[in-house]
Amino acid sequence: MAIKVYRPTTPAQRQKTTQDFEQITTRKPLKSLTKAKKQQAGKNNQGRITVRHRGGGVKRHYRILTHNLPKDLTLTVEEIEYDPNRSARIARVKDQNGVYYYVLADTNMVKGATFKTGKEVAVEESNRTALENIPVGTMVYAIELTPGRGAQMVRAAGASAQLMAKEDGYATLKMPSGEVRKVLVTCEASIGTVSNVQHQNIKIGAAGRRRRKGIRPTVRGVVMNATDHPHGGGDGGRHGSGKAPRTPWGQLTLGYRTRHNKQTNKYIVRSRHEGKRK
């Protein structure tokens, strides 16, 4: 998948790049697998802002993806579609009973291709089975954390995890972040790499393009008043207050641990931060 570069007819066009959309086969989603998506503008049910810098943007319909496919299915890819709600492409597939599903598309999926789910499947791209049936060294995506719950990990564009080992009922996975963690071998995963691998190389190029995505401007704390942000105030110059960088609510932001889930710490063999410390 290539990246499309524009002729520099304007300052924004000089920087902007987009995807070529060659993999996409249709622009019309399946009505039965879409639903309305209301713009929340980063607010909760009490009207309070819980996610800053959100609002506006183009209208979208949500595609209902199936992250927990039934077992023993033979699925045929009908279409590869664009999904405005995620970075990866999605595939419209139909099983042997004529039932349609939306699933994450991988780099191997094309219109007319088939893949299978279940225990007795070949070790081929797109097939979905339990980790205990997948050889060590295989690249996988859409991985379950809890058996039967559906894919929760490795779902972003271009992402894949490597199956490093299997012992004592657990599979060791090297995640895209560099973290090495264990999950039960009965958890299911799809073989391959998530589609749209060039997504991370796209340059937005223009402020309006971010606004159409529903992202509003971000104001730096150092240019605010002291009453509005811990970084605010000062004489207008580059002032070193001696304070560590903080959020608008005073929370430390650099090197401060935000993960406090002691129950699952035992499953993390190697933290994603360990390589950065060296």
# chains A, B, ... in the order shown; residues from 1 in each chain; ligands from 1
call {"tool": "residues_around", "arguments": {"residues": "range 42-47 of chain A", "least_positions_apart": "4", "cutoff": "12 Å", "atoms": "only C-alpha atoms", "output": "list in words"}}
result
Lys38, Val51, Arg52, His53, Arg54, Gly55, Gly56, Gly214, Ile215 and Arg216 of chain A
call {"tool": "write_last_selection", "arguments": {"atoms": "N, CA and C atoms", "output": "mmCIF file, in the first residue's frame"}}
result
data_model
loop_
_atom_site.group_PDB
_atom_site.id
_atom_site.type_symbol
_atom_site.label_atom_id
_atom_site.label_comp_id
_atom_site.auth_asym_id
_atom_site.auth_seq_id
_atom_site.Cartn_x
_atom_site.Cartn_y
_atom_site.Cartn_z
ATOM 1 N N LYS A 38 -23.550 9.072 17.644
ATOM 2 C CA LYS A 38 -23.779 10.438 18.086
ATOM 3 C C LYS A 38 -22.469 11.090 18.513
ATOM 4 N N VAL A 51 -12.777 14.084 27.938
ATOM 5 C CA VAL A 51 -11.680 14.037 26.965
ATOM 6 C C VAL A 51 -11.595 15.410 26.322
ATOM 7 N N ARG A 52 -10.476 16.080 26.530
ATOM 8 C CA ARG A 52 -10.344 17.441 25.998
ATOM 9 C C ARG A 52 -10.079 17.442 24.492
ATOM 10 N N HIS A 53 -10.310 18.573 23.881
ATOM 11 C CA HIS A 53 -9.970 18.828 22.479
ATOM 12 C C HIS A 53 -10.749 17.940 21.513
ATOM 13 N N ARG A 54 -12.013 17.705 21.818
ATOM 14 C CA ARG A 54 -12.862 16.924 20.922
ATOM 15 C C ARG A 54 -14.120 17.716 20.600
ATOM 16 N N GLY A 55 -14.604 17.563 19.377
ATOM 17 C CA GLY A 55 -15.843 18.232 18.991
ATOM 18 C C GLY A 55 -15.872 18.523 17.512
ATOM 19 N N GLY A 56 -17.072 18.635 16.956
ATOM 20 C CA GLY A 56 -17.211 18.904 15.523
ATOM 21 C C GLY A 56 -16.861 17.674 14.710
ATOM 22 N N GLY A 214 -12.693 15.649 13.979
ATOM 23 C CA GLY A 214 -13.286 15.874 15.296
ATOM 24 C C GLY A 214 -12.279 16.242 16.364
ATOM 25 N N ILE A 215 -11.080 16.675 15.963
ATOM 26 C CA ILE A 215 -10.030 17.046 16.913
ATOM 27 C C ILE A 215 -9.880 18.565 16.927
ATOM 28 N N ARG A 216 -10.129 19.182 18.072
ATOM 29 C CA ARG A 216 -10.036 20.628 18.209
ATOM 30 C C ARG A 216 -8.620 21.036 18.621
#
call {"tool": "residues_around", "arguments": {"residues": "Tyr100 in chain A", "least_positions_apart": "6", "cutoff": "12 Å", "atoms": "only C-alpha atoms", "output": "PDB file with C-alpha atoms, in the first residue's frame"}}
result
ATOM      1  CA  PRO A  29     -21.334  -0.234   3.885  1.00  0.00           C
ATOM      2  CA  LEU A  30     -23.815  -2.966   4.761  1.00  0.00           C
ATOM      3  CA  LYS A  31     -26.864  -1.291   6.358  1.00  0.00           C
ATOM      4  CA  SER A  32     -27.634  -4.155   8.722  1.00  0.00           C
ATOM      5  CA  LEU A  33     -24.131  -3.910  10.244  1.00  0.00           C
ATOM      6  CA  ILE A  64     -20.513  -3.297  14.028  1.00  0.00           C
ATOM      7  CA  LEU A  65     -17.441  -5.539  14.041  1.00  0.00           C
ATOM      8  CA  THR A  66     -17.450  -9.122  15.273  1.00  0.00           C
ATOM      9  CA  LEU A  69     -16.284 -15.158  15.502  1.00  0.00           C
ATOM     10  CA  LEU A  73     -16.755 -21.259   9.963  1.00  0.00           C
ATOM     11  CA  THR A  74     -15.530 -20.920   6.380  1.00  0.00           C
ATOM     12  CA  LEU A  75     -15.681 -17.235   5.526  1.00  0.00           C
ATOM     13  CA  THR A  76     -15.457 -15.591   2.119  1.00  0.00           C
ATOM     14  CA  VAL A  77     -14.334 -11.976   1.784  1.00  0.00           C
ATOM     15  CA  GLU A  78     -17.081 -10.084  -0.069  1.00  0.00           C
ATOM     16  CA  GLU A  79     -15.657  -6.553   0.183  1.00  0.00           C
ATOM     17  CA  ALA A  91     -13.618  -6.847   5.603  1.00  0.00           C
ATOM     18  CA  ARG A  92     -17.223  -7.747   4.887  1.00  0.00           C
ATOM     19  CA  VAL A  93     -17.292 -11.541   5.037  1.00  0.00           C
ATOM     20  CA  LYS A  94     -19.985 -14.175   4.552  1.00  0.00           C
TER      21      LYS A  94
END
call {"tool": "residues_around", "arguments": {"residues": "Lys35 in chain A", "least_positions_apart": "4", "cutoff": "7 Å", "atoms": "only C-alpha atoms", "output": "PyMOL selection string"}}
result
chain A and resi 61-63
call {"tool": "residues_around", "arguments": {"residues": "Val180 in chain A", "least_positions_apart": "4", "cutoff": "10 Å", "atoms": "only C-alpha atoms", "output": "ChimeraX atom specification"}}
result
/A:161-164,172-176,267-272
call {"tool": "closest_residue", "arguments": {"among": "A:Glu132, A:Asp228, A:Glu120, A:Glu188", "to": "Tyr170 in chain A", "atoms": "only C-alpha atoms"}}
result
A:Glu132
call {"tool": "atom_distance", "arguments": {"atom1": "CA of Lys262 in chain A", "atom2": "CA of Thr146 in chain A"}}
result
17.1 Å
call {"tool": "decode", "arguments": {"residues": "range 24-90 of chain A", "atoms": "C-alpha atoms", "output": "PDB file, in the first residue's frame"}}
result
ATOM      1  CA  ILE A  24     -10.918  -0.737  -0.772  1.00  0.00           C
ATOM      2  CA  THR A  25     -13.481  -2.353  -3.086  1.00  0.00           C
ATOM      3  CA  THR A  26     -16.701  -0.528  -2.144  1.00  0.00           C
ATOM      4  CA  ARG A  27     -17.828   2.768  -0.640  1.00  0.00           C
ATOM      5  CA  LYS A  28     -21.246   1.517   0.470  1.00  0.00           C
ATOM      6  CA  PRO A  29     -21.334  -0.234   3.885  1.00  0.00           C
ATOM      7  CA  LEU A  30     -23.815  -2.966   4.761  1.00  0.00           C
ATOM      8  CA  LYS A  31     -26.864  -1.291   6.358  1.00  0.00           C
ATOM      9  CA  SER A  32     -27.634  -4.155   8.722  1.00  0.00           C
ATOM     10  CA  LEU A  33     -24.131  -3.910  10.244  1.00  0.00           C
ATOM     11  CA  THR A  34     -24.059  -0.121  10.742  1.00  0.00           C
ATOM     12  CA  LYS A  35     -25.651   2.110  13.340  1.00  0.00           C
ATOM     13  CA  ALA A  36     -25.829   5.828  14.096  1.00  0.00           C
ATOM     14  CA  LYS A  37     -22.972   7.350  16.049  1.00  0.00           C
ATOM     15  CA  LYS A  38     -23.779  10.438  18.086  1.00  0.00           C
ATOM     16  CA  GLN A  39     -21.108  13.109  18.513  1.00  0.00           C
ATOM     17  CA  GLN A  40     -20.322  13.329  22.233  1.00  0.00           C
ATOM     18  CA  ALA A  41     -17.674  16.078  21.947  1.00  0.00           C
ATOM     19  CA  GLY A  42     -15.653  14.418  24.694  1.00  0.00           C
ATOM     20  CA  LYS A  43     -18.435  14.794  27.299  1.00  0.00           C
ATOM     21  CA  ASN A  44     -19.962  12.185  29.590  1.00  0.00           C
ATOM     22  CA  ASN A  45     -23.640  11.694  30.451  1.00  0.00           C
ATOM     23  CA  GLN A  46     -23.453  14.595  32.919  1.00  0.00           C
ATOM     24  CA  GLY A  47     -22.239  17.000  30.257  1.00  0.00           C
ATOM     25  CA  ARG A  48     -18.770  17.283  31.745  1.00  0.00           C
ATOM     26  CA  ILE A  49     -15.701  17.177  29.516  1.00  0.00           C
ATOM     27  CA  THR A  50     -13.797  13.947  30.141  1.00  0.00           C
ATOM     28  CA  VAL A  51     -11.680  14.037  26.965  1.00  0.00           C
ATOM     29  CA  ARG A  52     -10.344  17.441  25.998  1.00  0.00           C
ATOM     30  CA  HIS A  53      -9.970  18.828  22.479  1.00  0.00           C
ATOM     31  CA  ARG A  54     -12.862  16.924  20.922  1.00  0.00           C
ATOM     32  CA  GLY A  55     -15.843  18.232  18.991  1.00  0.00           C
ATOM     33  CA  GLY A  56     -17.211  18.904  15.523  1.00  0.00           C
ATOM     34  CA  GLY A  57     -15.988  16.766  12.666  1.00  0.00           C
ATOM     35  CA  VAL A  58     -17.820  14.978   9.903  1.00  0.00           C
ATOM     36  CA  LYS A  59     -20.772  12.690  10.615  1.00  0.00           C
ATOM     37  CA  ARG A  60     -19.963   8.982  10.853  1.00  0.00           C
ATOM     38  CA  HIS A  61     -21.806   5.696  11.065  1.00  0.00           C
ATOM     39  CA  TYR A  62     -20.429   3.012  13.327  1.00  0.00           C
ATOM     40  CA  ARG A  63     -19.609  -0.371  11.770  1.00  0.00           C
ATOM     41  CA  ILE A  64     -20.513  -3.297  14.028  1.00  0.00           C
ATOM     42  CA  LEU A  65     -17.441  -5.539  14.041  1.00  0.00           C
ATOM     43  CA  THR A  66     -17.450  -9.122  15.273  1.00  0.00           C
ATOM     44  CA  HIS A  67     -14.331  -9.651  17.395  1.00  0.00           C
ATOM     45  CA  ASN A  68     -15.505 -13.064  18.581  1.00  0.00           C
ATOM     46  CA  LEU A  69     -16.284 -15.158  15.502  1.00  0.00           C
ATOM     47  CA  PRO A  70     -18.056 -18.506  16.009  1.00  0.00           C
ATOM     48  CA  LYS A  71     -15.920 -21.611  15.565  1.00  0.00           C
ATOM     49  CA  ASP A  72     -15.831 -23.898  12.518  1.00  0.00           C
ATOM     50  CA  LEU A  73     -16.755 -21.259   9.963  1.00  0.00           C
ATOM     51  CA  THR A  74     -15.530 -20.920   6.380  1.00  0.00           C
ATOM     52  CA  LEU A  75     -15.681 -17.235   5.526  1.00  0.00           C
ATOM     53  CA  THR A  76     -15.457 -15.591   2.119  1.00  0.00           C
ATOM     54  CA  VAL A  77     -14.334 -11.976   1.784  1.00  0.00           C
ATOM     55  CA  GLU A  78     -17.081 -10.084  -0.069  1.00  0.00           C
ATOM     56  CA  GLU A  79     -15.657  -6.553   0.183  1.00  0.00           C
ATOM     57  CA  ILE A  80     -12.797  -4.603   1.748  1.00  0.00           C
ATOM     58  CA  GLU A  81     -14.126  -1.358   3.233  1.00  0.00           C
ATOM     59  CA  TYR A  82     -12.961   1.888   4.811  1.00  0.00           C
ATOM     60  CA  ASP A  83     -13.957   2.364   8.445  1.00  0.00           C
ATOM     61  CA  PRO A  84     -13.958   5.979   9.721  1.00  0.00           C
ATOM     62  CA  ASN A  85     -13.866   4.753  13.326  1.00  0.00           C
ATOM     63  CA  ARG A  86     -10.527   2.905  13.230  1.00  0.00           C
ATOM     64  CA  SER A  87      -7.144   3.053  11.509  1.00  0.00           C
ATOM     65  CA  ALA A  88      -7.352  -0.419   9.945  1.00  0.00           C
ATOM     66  CA  ARG A  89      -9.462  -1.574   7.007  1.00  0.00           C
ATOM     67  CA  ILE A  90     -12.405  -3.865   7.624  1.00  0.00           C
TER      68      ILE A  90
END
